[in-house]
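Just below is one structure, and these are the notes that go with it.
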Amino acid sequence: MMWIMGTTGAISFPSMTLWGGTDWGSPAQVQPLVPDQNVMPPLAAQLDHFVAVMDGAAPLIDVACATRSLDIALQIETQLIQQKQ
């Protein structure tokens with residue numbers, strides 16, 4: 001199990017449990033988190049978001065992050081192609 005802790009709480013992985021509280025004399029408040037489930041394939045979601053941004057919606061990431069993401073995706077694609085050969 002992995003924990004990320006802060007001054008007012010923590011989250012545990014992979015259980016996605018949120019722990020809160022600042023008083024060492026009281027038990028922590030426990031709140032299980034339910035992660036969002038993908039309802040569509042990732043590429044379809046990405047294309048839907050791209051169209052929304054073209055229509056004026058705010059982008060989720062900046063250009064630098066998008067460039068890095070595209071570079072990684074292309075590297076993965078290249079590796080997959082090379083594995084098939």
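Scheme for the structure tokens: letters A, B, ... for chains in order shown; per-chain residue numbers from 1; ligand numbers from 1 in order shown.
Residues within 7 Å of Trp19 of chain A, counting only C-alpha atoms and excluding same-chain residues fewer than 4 positions away, are A:Gly9, A:Ala10, A:Ile11, A:Ala28, A:Gln29, A:Val30, A:Gln31.
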- Would you mind writing down, as a PyMOL selection string, each residue of chain A that DSSP on the backbone assigns to strand (DSSP E or B)? chain A and resi 2-5+9-13+17-20+29-32
Could the residues in this selection be written to a file with C-alpha atoms, as a tab-separated table (two decimals), in the first residue's frame?
```
chain	number	residue	atom	x	y	z
A	2	MET	CA	1.22	3.51	-0.77
A	3	TRP	CA	0.33	6.63	1.20
A	4	ILE	CA	0.54	10.27	0.20
A	5	MET	CA	0.29	12.37	3.35
A	9	GLY	CA	-5.01	14.15	5.68
A	10	ALA	CA	-3.73	11.37	3.49
A	11	ILE	CA	-4.77	9.17	0.60
A	12	SER	CA	-3.90	5.49	0.34
A	13	PHE	CA	-3.33	3.59	-2.88
A	17	THR	CA	-9.17	5.81	0.73
A	18	LEU	CA	-9.07	9.42	1.92
A	19	TRP	CA	-8.04	9.92	5.54
A	20	GLY	CA	-8.67	13.27	7.21
A	29	GLN	CA	-12.20	10.43	9.34
A	30	VAL	CA	-12.20	7.77	6.61
A	31	GLN	CA	-13.81	8.37	3.23
A	32	PRO	CA	-13.51	5.73	0.49
```
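Relative to atom CA of Ala66 of chain A, atom CA of Phe50 of chain A is found at 11.4 Å.
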- Message: DSSP on the backbone, alpha helix (DSSP H) only: what residues of chain A does that give? Format it as a ChimeraX atom specification.
- Response: /A:42-54,63-84
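Taking atom CA of Leu43 of chain A and atom CA of Thr67 of chain A as the two end points, the separation is 16.1 Å.
Note that atom CA of Met16 of chain A and atom CA of Leu33 of chain A are 5.4 Å apart.
With only C-alpha atoms as the atoms that count, the residue of A:Gln37, A:Ser15, A:Thr22, A:Gln46 with the shortest distance to Ser69 of chain A is A:Gln46.
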